[in-house]
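Printed here is protein.txt (compact mmCIF, C-alpha atoms):
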# COMPACT_ATOMS: atom_id res chain seq x y z
CA MET A 1 -2.66 29.61 -17.07
CA SER A 2 -0.25 26.76 -17.51
CA THR A 3 0.08 24.85 -20.73
CA PRO A 4 -1.01 21.23 -20.32
CA THR A 5 1.73 18.73 -20.86
CA PRO A 6 1.06 16.52 -23.88
CA ALA A 7 0.80 12.83 -23.22
CA TYR A 8 2.88 12.10 -26.29
CA GLY A 9 5.81 14.03 -27.54
CA HIS A 10 9.50 13.99 -28.00
CA SER A 11 11.26 11.98 -25.42
CA VAL A 12 11.76 11.17 -22.53
CA ALA A 13 14.27 11.21 -19.75
CA SER A 14 14.49 14.08 -17.37
CA THR A 15 17.83 13.02 -15.92
CA PRO A 16 19.55 10.61 -18.27
CA SER A 17 22.36 8.71 -16.62
CA ALA A 18 23.64 7.18 -19.84
CA PRO A 19 24.35 9.08 -23.05
CA VAL A 20 21.16 9.27 -25.11
CA THR A 21 22.55 8.88 -28.59
CA GLY A 22 21.16 7.47 -31.81
CA PHE A 23 22.32 3.92 -31.17
CA ASN A 24 23.07 2.32 -27.82
CA PRO A 25 23.59 -1.45 -28.06
CA PHE A 26 24.35 -1.81 -24.35
CA THR A 27 20.86 -0.75 -23.31
CA GLY A 28 19.34 -3.04 -25.94
CA ILE A 29 21.22 -6.02 -24.55
CA ALA A 30 20.31 -5.04 -21.01
CA ALA A 31 16.63 -4.90 -22.02
CA LEU A 32 16.91 -8.40 -23.48
CA VAL A 33 18.43 -9.75 -20.26
CA ILE A 34 15.91 -8.21 -17.85
CA PRO A 35 12.82 -6.51 -19.32
CA GLY A 36 12.88 -2.77 -18.60
CA LEU A 37 16.53 -2.67 -17.56
CA GLY A 38 17.58 -0.93 -20.78
CA HIS A 39 15.33 2.03 -20.10
CA VAL A 40 16.50 2.12 -16.48
CA PHE A 41 20.08 2.45 -17.73
CA LEU A 42 18.93 5.32 -19.95
CA GLY A 43 17.68 7.09 -16.84
CA GLN A 44 14.02 6.43 -17.66
CA VAL A 45 13.32 4.53 -14.47
CA ARG A 46 9.53 4.82 -14.49
CA ARG A 47 9.33 3.77 -18.12
CA GLY A 48 11.62 0.82 -17.43
CA ILE A 49 9.54 -0.31 -14.46
CA LEU A 50 6.33 -0.14 -16.49
CA VAL A 51 7.89 -2.00 -19.44
CA GLY A 52 9.12 -4.65 -17.02
CA PHE A 53 5.68 -4.86 -15.43
CA GLY A 54 4.00 -5.31 -18.80
CA VAL A 55 6.41 -7.89 -20.21
CA LEU A 56 6.93 -9.87 -17.01
CA GLY A 57 3.23 -9.64 -16.16
CA LEU A 58 2.33 -11.20 -19.48
CA PHE A 59 5.04 -13.84 -19.15
CA PHE A 60 3.95 -14.89 -15.68
CA ALA A 61 0.31 -14.76 -16.74
CA GLY A 62 1.30 -17.36 -19.34
CA LEU A 63 2.92 -19.48 -16.65
CA PHE A 64 -0.15 -19.04 -14.43
CA VAL A 65 -2.41 -20.24 -17.24
CA GLY A 66 -0.30 -22.93 -18.90
CA GLY A 67 1.97 -23.89 -16.03
CA ILE A 68 5.69 -24.47 -16.25
CA ASP A 69 5.00 -26.68 -19.28
CA ALA A 70 4.40 -23.53 -21.35
CA VAL A 71 8.17 -22.93 -21.61
CA ASP A 72 9.97 -25.90 -23.12
CA SER A 73 13.02 -25.46 -25.34
CA LYS A 74 13.08 -29.17 -26.21
CA GLU A 75 9.49 -29.98 -27.17
CA ASP A 76 8.38 -26.49 -28.25
CA ALA A 77 11.66 -25.26 -29.69
CA LEU A 78 10.18 -22.87 -32.25
CA TRP A 79 7.98 -21.24 -29.63
CA PHE A 80 11.01 -20.93 -27.35
CA ILE A 81 12.66 -18.73 -29.98
CA ALA A 82 9.85 -16.23 -29.40
CA GLN A 83 9.89 -16.73 -25.62
CA ALA A 84 13.67 -16.37 -25.24
CA PRO A 85 13.81 -12.54 -25.64
CA THR A 86 12.03 -12.28 -22.30
CA GLY A 87 15.51 -12.92 -20.99
CA ILE A 88 16.57 -14.44 -17.76
CA VAL A 89 13.06 -15.45 -16.68
CA ALA A 90 12.46 -17.46 -19.86
CA PHE A 91 15.75 -19.31 -19.55
CA GLY A 92 15.18 -19.77 -15.82
CA ALA A 93 11.70 -21.21 -16.34
CA ASN A 94 13.03 -23.49 -19.06
CA TYR A 95 15.90 -24.64 -16.83
CA ILE A 96 13.52 -25.46 -13.98
CA HIS A 97 11.17 -27.26 -16.34
CA GLN A 98 13.91 -29.37 -17.91
CA ASN A 99 15.68 -30.24 -14.67
CA LYS A 100 13.00 -30.34 -11.97
CA PHE A 101 9.86 -31.45 -13.75
CA LYS A 102 11.25 -33.90 -16.29
CA GLY A 103 12.80 -37.27 -15.62
CA VAL A 104 14.67 -39.90 -17.59
CA ASP A 105 12.38 -42.42 -19.23
CA PRO A 106 14.24 -45.75 -19.10
CA THR A 107 11.91 -47.35 -21.64
CA SER A 108 12.34 -44.80 -24.41
CA ARG A 109 15.30 -43.87 -26.57
CA ALA A 110 13.42 -41.39 -28.73
CA ALA A 111 12.39 -39.09 -25.88
CA PRO A 112 14.76 -39.84 -23.04
CA ARG A 113 13.57 -36.95 -20.85
CA ARG A 114 9.90 -36.21 -20.37
CA MET A 115 7.35 -35.14 -17.79
CA PRO A 116 5.90 -38.11 -15.92
CA ASN A 117 2.33 -39.06 -16.70
CA PRO A 118 -0.37 -39.42 -14.02
CA GLY A 119 0.50 -42.50 -11.97
CA GLU A 120 4.24 -41.95 -12.39
CA SER A 121 6.78 -40.01 -10.38
CA ILE A 122 10.46 -39.09 -10.48
CA ASN A 123 12.78 -40.82 -8.01
CA ASP A 124 15.86 -39.35 -6.34
CA ARG A 125 18.07 -40.21 -9.31
CA GLY A 126 15.78 -38.39 -11.74
CA VAL A 127 14.33 -41.55 -13.30
CA ILE A 128 10.61 -41.87 -14.03
CA VAL A 129 9.13 -44.76 -12.06
CA PRO A 130 5.58 -46.12 -11.78
CA GLY A 131 3.55 -45.03 -8.78
CA GLY A 132 3.20 -41.81 -6.88
CA ASN A 133 2.24 -38.47 -8.33
CA PRO A 134 4.08 -36.42 -10.95
CA PRO A 135 5.54 -33.08 -9.80
CA ALA A 136 3.27 -31.34 -12.31
CA GLU A 137 0.66 -32.34 -14.82
CA ARG A 138 1.17 -31.45 -18.44
CA SER A 139 -1.01 -28.62 -19.61
CA LEU A 140 -3.14 -29.68 -22.52
CA ALA A 141 -5.14 -28.22 -25.37
CA ARG A 142 -6.44 -24.68 -24.98
CA VAL A 143 -4.73 -24.04 -21.65
CA HIS A 144 -1.38 -25.11 -23.10
CA GLU A 145 -1.89 -22.99 -26.21
CA MET A 146 -2.78 -19.91 -24.18
CA GLY A 147 0.22 -20.37 -21.89
CA ILE A 148 2.59 -20.65 -24.83
CA LEU A 149 0.95 -17.74 -26.62
CA PHE A 150 1.18 -15.42 -23.61
CA THR A 151 4.84 -16.18 -22.99
CA ALA A 152 5.71 -15.87 -26.68
CA VAL A 153 3.92 -12.51 -26.98
CA ALA A 154 5.82 -11.35 -23.88
CA GLY A 155 9.10 -12.22 -25.58
CA LEU A 156 8.16 -10.44 -28.78
CA LEU A 157 7.01 -7.35 -26.86
CA ASN A 158 10.39 -7.29 -25.16
CA VAL A 159 12.05 -7.27 -28.57
CA LEU A 160 10.16 -4.03 -29.27
CA ALA A 161 11.21 -2.66 -25.88
CA ALA A 162 14.84 -3.60 -26.58
CA ILE A 163 14.74 -1.86 -29.96
CA ASP A 164 13.25 1.21 -28.27
CA ALA A 165 16.03 1.16 -25.69
CA MET A 166 18.64 0.61 -28.38
CA PHE A 167 17.52 3.64 -30.39
CA PRO A 168 16.57 6.04 -27.60
CA THR A 169 16.19 9.13 -29.79
CA MET A 170 13.71 7.54 -32.18
CA GLY A 171 10.14 6.41 -32.01
CA ARG A 172 8.11 8.83 -29.93
CA LYS A 173 6.08 11.45 -31.72
CA SER A 174 6.79 15.10 -31.14
CA MET B 1 8.39 -27.39 -6.16
CA MET B 2 4.72 -28.30 -6.15
CA LEU B 3 3.99 -24.58 -5.83
CA LEU B 4 5.66 -24.04 -9.21
CA ALA B 5 3.25 -26.55 -10.71
CA TYR B 6 0.27 -24.53 -9.52
CA THR B 7 -1.55 -22.56 -12.21
CA PRO B 8 -3.44 -19.87 -10.31
CA PHE B 9 -5.22 -18.50 -13.36
CA VAL B 10 -6.68 -21.91 -14.15
CA ASP B 11 -6.97 -24.14 -11.09
CA PRO B 12 -9.34 -21.92 -9.05
CA VAL B 13 -11.47 -21.25 -12.11
CA SER B 14 -11.75 -24.91 -12.93
CA ALA B 15 -12.60 -25.70 -9.29
CA LEU B 16 -15.41 -23.15 -9.27
CA TRP B 17 -16.53 -23.88 -12.81
CA PRO B 18 -15.61 -27.39 -13.99
CA GLY B 19 -14.73 -27.45 -17.67
CA ALA B 20 -14.32 -23.68 -17.78
CA TYR B 21 -11.44 -23.76 -20.20
CA SER B 22 -13.34 -25.93 -22.61
CA SER B 23 -15.70 -22.98 -22.91
CA ALA B 24 -15.25 -20.33 -25.57
CA LEU B 25 -15.47 -17.77 -22.77
CA PHE B 26 -12.08 -18.92 -21.49
CA VAL B 27 -10.28 -17.60 -24.57
CA ASN B 28 -12.69 -14.93 -25.77
CA VAL B 29 -13.09 -13.15 -22.46
CA TYR B 30 -10.73 -14.33 -19.74
CA CYS B 31 -7.50 -14.74 -21.70
CA LEU B 32 -8.19 -11.93 -24.15
CA ILE B 33 -8.56 -9.33 -21.41
CA VAL B 34 -5.35 -10.43 -19.70
CA VAL B 35 -3.25 -10.41 -22.86
CA ALA B 36 -4.79 -7.13 -24.05
CA PHE B 37 -4.09 -5.42 -20.73
CA PHE B 38 -0.43 -6.40 -20.47
CA THR B 39 0.18 -5.67 -24.16
CA SER B 40 -1.34 -2.21 -23.62
CA VAL B 41 0.82 -1.59 -20.55
CA THR B 42 3.99 -2.39 -22.50
CA TYR B 43 2.97 -0.43 -25.59
CA LYS B 44 1.91 2.63 -23.64
CA ALA B 45 5.05 2.46 -21.49
CA LEU B 46 7.09 2.74 -24.66
CA ARG B 47 4.96 5.46 -26.28
CA PHE B 48 4.00 7.56 -23.28
CA GLN B 49 5.94 10.80 -23.39
CA ASN B 50 5.96 12.43 -20.03
CA PHE B 51 6.72 10.45 -16.92
CA ASP B 52 7.84 13.53 -15.03
CA GLY B 53 5.80 14.87 -12.17
CA PRO B 54 3.99 13.42 -9.19
CA ILE B 55 3.82 9.66 -9.48
CA GLY B 56 0.12 9.53 -8.65
CA SER B 57 -1.02 11.84 -11.41
CA VAL B 58 1.37 10.29 -13.93
CA LEU B 59 0.11 6.81 -13.17
CA THR B 60 -3.50 7.96 -13.31
CA VAL B 61 -3.06 9.35 -16.82
CA PHE B 62 -1.02 6.31 -17.84
CA LEU B 63 -3.63 3.90 -16.50
CA ARG B 64 -6.40 5.74 -18.32
CA HIS B 65 -4.53 5.47 -21.63
CA THR B 66 -3.81 1.81 -20.93
CA LEU B 67 -7.42 0.94 -20.13
CA VAL B 68 -8.66 2.76 -23.22
CA MET B 69 -6.26 0.75 -25.38
CA THR B 70 -7.26 -2.48 -23.61
CA ALA B 71 -10.91 -1.74 -24.34
CA GLN B 72 -10.10 -0.94 -27.96
CA ILE B 73 -8.34 -4.29 -28.39
CA VAL B 74 -11.03 -6.33 -26.62
CA PHE B 75 -13.99 -4.72 -28.38
CA GLY B 76 -12.09 -4.77 -31.68
CA ILE B 77 -11.49 -8.50 -31.41
CA TRP B 78 -15.11 -9.09 -30.42
CA ALA B 79 -16.28 -7.00 -33.38
CA LEU B 80 -14.07 -9.03 -35.72
CA GLY B 81 -15.48 -12.22 -34.23
CA LEU B 82 -19.03 -10.97 -34.74
CA LEU B 83 -18.19 -9.99 -38.31
CA VAL B 84 -16.81 -13.45 -39.08
CA PHE B 85 -19.88 -15.02 -37.45
CA LEU B 86 -22.18 -12.98 -39.67
CA ILE B 87 -20.18 -13.81 -42.79
CA VAL B 88 -20.07 -17.54 -42.08
CA HIS B 89 -23.67 -17.93 -40.93
CA TYR B 90 -25.53 -15.48 -43.15
CA ILE B 91 -23.54 -14.01 -46.03
CA VAL B 92 -21.81 -17.16 -47.29
CA PRO B 93 -25.05 -19.25 -47.23
CA PHE B 94 -26.77 -16.36 -49.05
CA ILE B 95 -24.07 -16.27 -51.76
CA ALA B 96 -23.60 -20.01 -52.08
CA PRO B 97 -26.56 -21.89 -50.61
CA MET B 98 -25.91 -25.51 -49.76
CA ALA B 99 -27.95 -28.05 -51.70
Render the structure in this file as structure tokens.
Amino acid sequence: MSTPTPAYGHSVASTPSAPVTGFNPFTGIAALVIPGLGHVFLGQVRRGILVGFGVLGLFFAGLFVGGIDAVDSKEDALWFIAQAPTGIVAFGANYIHQNKFKGVDPTSRAAPRRMPNPGESINDRGVIVPGGNPPAERSLARVHEMGILFTAVAGLLNVLAAIDAMFPTMGRKS
Amino acid sequence: MMLLAYTPFVDPVSALWPGAYSSALFVNVYCLIVVAFFTSVTYKALRFQNFDGPIGSVLTVFLRHTLVMTAQIVFGIWALGLLVFLIVHYIVPFIAPMA
């Protein structure tokens, strides 16, 4: 009769491809760039894929609820600190938001770049002009809050994943 | 570019049910289940010990752990909400009745 394998126990990788030592900053940085990549570099491919699925799934769920407006390093700078650890997707979403969905407001000096309101559009030179339709509507109220919250929680979860990848011999119960 | 502006978790819901996200159900059910599920996936991916073996059986066990944790979060939050409701509507007026 075989002994059942415990669901929890001391780690982890069956075939580690990187040295599993007490502290591995490279895998931590890799996890912060692309969620799950740190564990993949440790040889824990399945774990890395599932971490990536969880973090990226939550991040994109935030974008699907709040729209691209949920990630904004200019207008929601404090929230972006929490979103940024999601890595390349957070910075990519912010780049697209700032450069594709915002235009220059010629009437304002305080907020020179903003999303156009309904009834406005962005012309070829990136200037907000009356008429037409905006490329996206701002998310408002509860939808906006949920979008920001999802993406921020995704970033903070990836901090935990990065710490786990950085200290690969700690954390799991034996 | 317009595709990037689409919010698939909101637009279809609001088309089928106008004003859906003004409803408390939007946060308390719809969003809570989504955030609880993905948080559980990440947490269990970090804590789960044994990913060796056939992928089907590993994922089955993993999914069961994940769904249990999702249910714990969702029902825990609902229980906290019910507790706060009872405190605000019954216990506080009992302790300090309004004139």
Open item on the list: So, with only C-alpha atoms as the atoms that count, which of A:Pro25, A:Pro112, A:Pro130, A:Gly38 lies closest to chain B?
Closed with: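 Nearest to chain B: A:Gly38.
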Task: Contacts of Val35 of chain B within 9 Å, all atoms listed in the file, excl. fewer than 6 positions in-chain, as number ranges by chain - done: A: 58, 61, 150, 153; B: 70
Task: Top pick for closest residue to Val55 of chain A, considering A:Asn123, A:Thr151, A:Asn117, A:Ser108 and counting all atoms listed in the file - done: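 Closest to Val55 of chain A, using all atoms listed in the file: A:Thr151.
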Task: Atomic distance atom CA of Thr107 of chain A - atom CA of Gly119 of chain A, expressed in Å with one decimal - done: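 These two atoms are separated by 15.7 Å.
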Open item on the list: I'd like the neighbourhood of Phe59 of chain A as a PyMOL selection string, where a residue qualifies if any of its atoms comes within 9 Å (using only C-alpha atoms), though same-chain residues fewer than 4 positions away should be ignored.
Closed with: chain A and resi 54-55+63-64+83+86+89-90+147+150-155
Those selected residues, please, written with C-alpha atoms and delivered as a PDB file, keeping the file's coordinate frame.
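Result written to selection.pdb:
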ATOM      1  CA  GLY A  54       4.000  -5.310 -18.800  1.00  0.00           C
ATOM      2  CA  VAL A  55       6.410  -7.890 -20.210  1.00  0.00           C
ATOM      3  CA  LEU A  63       2.920 -19.480 -16.650  1.00  0.00           C
ATOM      4  CA  PHE A  64      -0.150 -19.040 -14.430  1.00  0.00           C
ATOM      5  CA  GLN A  83       9.890 -16.730 -25.620  1.00  0.00           C
ATOM      6  CA  THR A  86      12.030 -12.280 -22.300  1.00  0.00           C
ATOM      7  CA  VAL A  89      13.060 -15.450 -16.680  1.00  0.00           C
ATOM      8  CA  ALA A  90      12.460 -17.460 -19.860  1.00  0.00           C
ATOM      9  CA  GLY A 147       0.220 -20.370 -21.890  1.00  0.00           C
ATOM     10  CA  PHE A 150       1.180 -15.420 -23.610  1.00  0.00           C
ATOM     11  CA  THR A 151       4.840 -16.180 -22.990  1.00  0.00           C
ATOM     12  CA  ALA A 152       5.710 -15.870 -26.680  1.00  0.00           C
ATOM     13  CA  VAL A 153       3.920 -12.510 -26.980  1.00  0.00           C
ATOM     14  CA  ALA A 154       5.820 -11.350 -23.880  1.00  0.00           C
ATOM     15  CA  GLY A 155       9.100 -12.220 -25.580  1.00  0.00           C
TER      16      GLY A 155
END
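Restricting the calculation to all atoms listed in the file, the smallest distance between chain B and any of A:Pro85, A:Pro118, A:Gly132, A:Gly57 is found for A:Gly57.
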TODO: Grab the atom CA of Val41 of chain B to atom CA of Leu63 of chain B distance for me, in Å with one decimal place.
DONE: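 Pair atom CA of Val41 of chain B / atom CA of Leu63 of chain B returns 8.1 Å.
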- [ ] Would you please work out which residue, of B:Val84, B:Ala45, B:Leu25, B:Ile77, is nearest to His39 of chain A when using all atoms listed in the file?
- [x]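 Using all atoms listed in the file, His39 of chain A sits closest to B:Ala45.
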TODO: Counting only C-alpha atoms, figure out which residue out of A:Ile29, A:Ala77, A:Ala70, A:Val65 gets nearest to chain B.
DONE: A:Val65
TODO: Compare A:Val159, A:Val51, A:Ile81, A:Val127 by their minimum atom-to-atom distance to chain B, counting only C-alpha atoms, and give me the closest one.
DONE: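 Smallest separation from chain B among the options: A:Val51.
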